[in-house]
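Please read the structure below before turning to the comments.
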Amino acid sequence: MKVIIGGAGITGLAVGAYLEKKEIDYKIFERSDNISNSTTAIQLASNCRFVLRELNLLDDIKQLSIEQSSLNVYSEDRHITNISVTNSSKEGTLFIRRKDLLSTIASLIPTDKISYSSTIENISSTEHSVDVGINNKQLRSDLFVGSLGQQSLAPSDLTKTNTIACWGISNTNESIFQEFNNFLFSGLNLVTYPLTYDQTAFTLVFDSTKHQVPINEITLEVLNLITKNKFISLFDSSAPLITKHIYTSKKNTWGSKRIINIGDAAHTLTPHLAQGGAQGLIDAAFLNLNINNENIHDCFYKRNQLLNTLRSEANANKFRYQLGQPFKLLRNIYLKLHNPNYSWLFDSKYELKH
Ligand SMILES: Cc1cc2nc3c(=O)[nH]c(=O)nc-3n(C[C@H](O)[C@H](O)[C@H](O)COP(=O)(O)OP(=O)(O)OC[C@H]3O[C@@H](n4cnc5c(N)ncnc54)[C@H](O)[C@@H]3O)c2cc1C
């Protein structure tokens, strides 16, 4: 079997690493000229730990990560509750720089198996093979794995939300930032987590209808302003921000015939549950299990229930995290009395855990 993988993001690289192990003939085509040099970081939730273990990467990833077993929830700067983020094996969330995650997965893939500066221009499939146009040349394979991210989705499958996200890495090492935190404000929430070398990663997510700042005018000063100057030490020692409008997909689009889409190309989620990268890794593991199945799309339909639940839970979190008065008071009381239990998520593998 010959496989073409489109895109060398988290998902495409993980597929390559599995196929390398299986000794299946494959090649990855990536339009940029290198593995992403992203200056952001990522949370690897405990439900995707099994993928790192299957790829024998867990020890390497752990060396580059900080692990936490619970999330502190604050309303503004008042502590409300602690939510467990462990799975039933007591494994927590790992926090890692994206470039470290990508280069660790890529270390399993021989360099001649990734072709950079290679743009996939068109894909057409019959029941038996697929033709892929790359840099004006046509290549044929038995399977095309589309891990091209959300930009590859048809506009009708994407929804632009009113959310803007800002990512950064800061040099602050204040003790509060040595933990995993979610600070809830009206119309925005700020997630912070520790990284190795005493750095702190943050993601500030805000509702652009409530905090009306044009995306190209968001500076660290603006973040101080909208968080009421409560995080000056965090923002003032941060590297330049990355800012982005957030999209979500309407449904899961697994492809057809000899094309299988996975990762963000199949299901773009908003960041309010921090599961997009984790689910891309899990898709890669699931593809590895089912790659020889003629009805590969039917296999992936089994993932729909979990992904649909994640999509609606992320949307609900967006609403819950950013409530204003008087509803935020009720939310805080609810959180204090009823500690949310996410074992349905952190113990899930490919499907929803009932
Ligand atoms: C604010 C925010 C915070 C997040 N935080 C987390 C988190 O903490 N934990 C988590 O699990 N997830 C998180 N996510 C989600 C996560 O970043 C994504 O789900 C994940 O990066 C998707 O990986 P992917 O490989 O599927 O797609 P991508 O990372 O988009 O990779 C696609 C690749 O395909 C390449 N490509 C695209 N088009 C072409 C083409 N035509 N030809 C060739 N190559 C092409 C691109 O250059 C890219 O390298 C977050 C997302 C956001 C927006």
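Every chain in the structure tokens takes a letter, A first, then B, and so on in the order presented; its residues are numbered from 1, and the ligands are numbered from 1 following the presented order.
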
Exercise. Within 7 Å of ligand 1, which residues show up when you count only C-alpha atoms and all ligand atoms? List them as JSON, numbers by chain, please.
Key: {"A": [6, 7, 8, 9, 10, 11, 12, 29, 30, 31, 32, 36, 42, 43, 44, 45, 118, 119, 120, 121, 147, 148, 149, 150, 151, 152, 165, 166, 167, 203, 246, 262, 263, 264, 265, 268, 269, 270, 271, 274, 275, 276, 277, 278, 279, 280]}

Exercise. Might you pull out every residue within 9 Å of Asn288 of chain A, with only C-alpha atoms counted and same-chain residues fewer than 5 positions away left off, and present them as a ChimeraX atom specification?
Key: /A:15,18-19,22,283

Could you give me, as a tab-separated table, a per-residue list for segment 290-317 of chain A showing, wherever an atom lies at most 7 Å from an atom of segment 341-353 of chain A, the closest pair of atoms and their distance in Å to one decimal, using only C-alpha atoms and sorting by chain then residue number from low to high?
```
residue	atom	partner	partner_atom	distance
A:Lys302	CA	A:Glu351	CA	6.6
A:Arg303	CA	A:Glu351	CA	5.3
A:Gln305	CA	A:Leu352	CA	6.4
A:Leu306	CA	A:Leu352	CA	4.5
```

Self-check item: Proximity to Gln178 of chain A - best of A:Ile218, A:Leu71, A:Leu241, A:Leu310, only C-alpha atoms
Solution: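 Looking at the shortest contact to Gln178 of chain A, the residue is A:Leu71.
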
Quiz item: Smallest atom-to-atom distance to Leu101 of chain A: which of A:Thr39, A:Asn189, A:Asn87, A:Asn339, using only C-alpha atoms?
Solution: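 Closest to Leu101 of chain A of all the choices is A:Thr39.
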
Exercise. Go ahead and compute the interatomic distance for atom CA of Ile105 of chain A and atom CA of Ser141 of chain A, in Å to one decimal.
Key: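 Separation between atom CA of Ile105 of chain A and atom CA of Ser141 of chain A: 23.6 Å.
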
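In this comparison, which uses only C-alpha atoms, the residue of A:Thr81, A:Lys251, A:Arg49, A:Ile28 approaching Thr159 of chain A most closely is A:Lys251.
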
Exercise. Mind listing the strand (DSSP E or B) residues of segment 237-273 of chain A, per DSSP on the backbone, as JSON, numbers by chain?
Key: {"A": [238, 242, 243, 244, 245, 246, 247, 248, 249, 259, 260, 261]}

For the selection you just gave me, I'd like the residues written to a file as a PDB file, in the first residue's frame, keeping C-alpha atoms.
```pdb
ATOM      1  CA  SER A 238       5.927  38.018  27.311  1.00  0.00           C
ATOM      2  CA  ILE A 242       0.052  35.405  18.227  1.00  0.00           C
ATOM      3  CA  THR A 243      -3.584  36.365  17.687  1.00  0.00           C
ATOM      4  CA  LYS A 244      -6.225  34.558  15.722  1.00  0.00           C
ATOM      5  CA  HIS A 245      -9.951  34.546  14.958  1.00  0.00           C
ATOM      6  CA  ILE A 246     -11.402  31.236  16.104  1.00  0.00           C
ATOM      7  CA  TYR A 247     -13.384  28.973  13.774  1.00  0.00           C
ATOM      8  CA  THR A 248     -15.283  25.825  14.503  1.00  0.00           C
ATOM      9  CA  SER A 249     -16.520  23.113  12.158  1.00  0.00           C
ATOM     10  CA  ILE A 259      -9.481  10.083   0.937  1.00  0.00           C
ATOM     11  CA  ILE A 260      -9.611  10.134   4.715  1.00  0.00           C
ATOM     12  CA  ASN A 261      -9.483  13.480   6.516  1.00  0.00           C
TER      13      ASN A 261
END
```

Quiz item: atom CA of Leu204 of chain A and atom CA of Leu102 of chain A, how far apart in Å?
Solution: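 Taking atom CA of Leu102 of chain A as the start and atom CA of Leu204 of chain A as the end point, the length is 22.8 Å.
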
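Shortest atom-to-atom contact with Ser46 of chain A among A:Phe235, A:Phe95, A:Phe319, A:Tyr74: A:Phe95, counting only C-alpha atoms.
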
Exercise. Apply DSSP to the structure's backbone, then extract all residues of segment 181-345 of chain A labelled alpha helix (DSSP H) and return them as a PyMOL selection string.
Key: chain A and resi 220-226+232-236+276-290+296-301+304-321+327-337+343-345

Quiz item: Quick one: of A:Gly146, A:Val191, A:Ile80, A:Gly92, who's nearest to Val132 of chain A, counting only C-alpha atoms?
Solution: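 With only C-alpha atoms as the atom set, the closest residue is A:Gly146.
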
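Closest to Leu139 of chain A among A:Val3, A:Leu57, A:Val51, A:Ala41 is A:Val3, based on only C-alpha atoms.
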
Practice problem: Would you work out the distance separating atom CA of Pro340 of chain A from atom CA of Thr192 of chain A, expressed in Å to one decimal? | Solution: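 These two atoms are separated by 19.4 Å.
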
Close residues, segment 205-216 of chain A itself excluded, 6 Å, only C-alpha atoms, min 6 positions apart in chain, as a compact mmCIF listing (two decimals) with N, CA and C atoms, in the first residue's frame:
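Result file follows (out-v4.txt):
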```
# COMPACT_ATOMS: atom_id res chain seq x y z
N ASN A 162 -17.36 34.43 17.33
CA ASN A 162 -17.01 35.79 17.73
C ASN A 162 -15.83 35.80 18.70
N THR A 163 -15.08 34.69 18.71
CA THR A 163 -13.95 34.57 19.65
C THR A 163 -12.63 34.92 18.99
N ILE A 164 -11.80 35.65 19.72
CA ILE A 164 -10.42 35.89 19.31
C ILE A 164 -9.52 35.27 20.39
N ALA A 165 -8.46 34.58 19.96
CA ALA A 165 -7.53 33.98 20.93
C ALA A 165 -6.15 34.61 20.77
N GLY A 187 -16.82 38.01 29.57
CA GLY A 187 -16.45 38.13 28.15
C GLY A 187 -15.06 37.64 27.79
N LEU A 188 -14.33 37.07 28.76
CA LEU A 188 -13.02 36.52 28.41
C LEU A 188 -12.56 35.52 29.46
N ASN A 189 -11.63 34.66 29.07
CA ASN A 189 -10.96 33.82 30.06
C ASN A 189 -9.50 33.65 29.68
```

Can I get the residues of segment 42-90 of chain A within 12 Å of segment 106-109 of chain A, each with the closest pair of atoms and their distance in Å to one decimal, using only C-alpha atoms, sorted chain first then ascending number, as a tab-separated table?
```
residue	atom	partner	partner_atom	distance
A:Leu52	CA	A:Leu108	CA	11.9
A:Leu55	CA	A:Leu108	CA	8.6
A:Asn56	CA	A:Leu108	CA	9.6
A:Leu57	CA	A:Leu108	CA	9.0
A:Asp60	CA	A:Ser107	CA	10.6
A:Ile61	CA	A:Ser107	CA	11.7
```

Could you save the residues just selected, with N, CA and C atoms, as an mmCIF file, in the first residue's frame?
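Contents of the output file part38.cif:
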```cif
data_model
loop_
_atom_site.group_PDB
_atom_site.id
_atom_site.type_symbol
_atom_site.label_atom_id
_atom_site.label_comp_id
_atom_site.auth_asym_id
_atom_site.auth_seq_id
_atom_site.Cartn_x
_atom_site.Cartn_y
_atom_site.Cartn_z
ATOM 1 N N LEU A 52 1.139 8.704 22.755
ATOM 2 C CA LEU A 52 2.576 8.933 22.968
ATOM 3 C C LEU A 52 3.246 7.642 23.411
ATOM 4 N N LEU A 55 3.693 5.250 20.474
ATOM 5 C CA LEU A 55 4.786 5.676 19.581
ATOM 6 C C LEU A 55 6.150 5.668 20.280
ATOM 7 N N ASN A 56 6.174 5.174 21.527
ATOM 8 C CA ASN A 56 7.414 5.178 22.341
ATOM 9 C C ASN A 56 7.999 6.576 22.492
ATOM 10 N N LEU A 57 7.125 7.562 22.598
ATOM 11 C CA LEU A 57 7.600 8.950 22.711
ATOM 12 C C LEU A 57 7.363 9.534 24.098
ATOM 13 N N ASP A 60 10.385 10.896 26.148
ATOM 14 C CA ASP A 60 10.983 12.095 25.526
ATOM 15 C C ASP A 60 10.082 13.316 25.729
ATOM 16 N N ILE A 61 8.780 13.104 25.531
ATOM 17 C CA ILE A 61 7.831 14.224 25.673
ATOM 18 C C ILE A 61 7.795 14.700 27.136
#
```
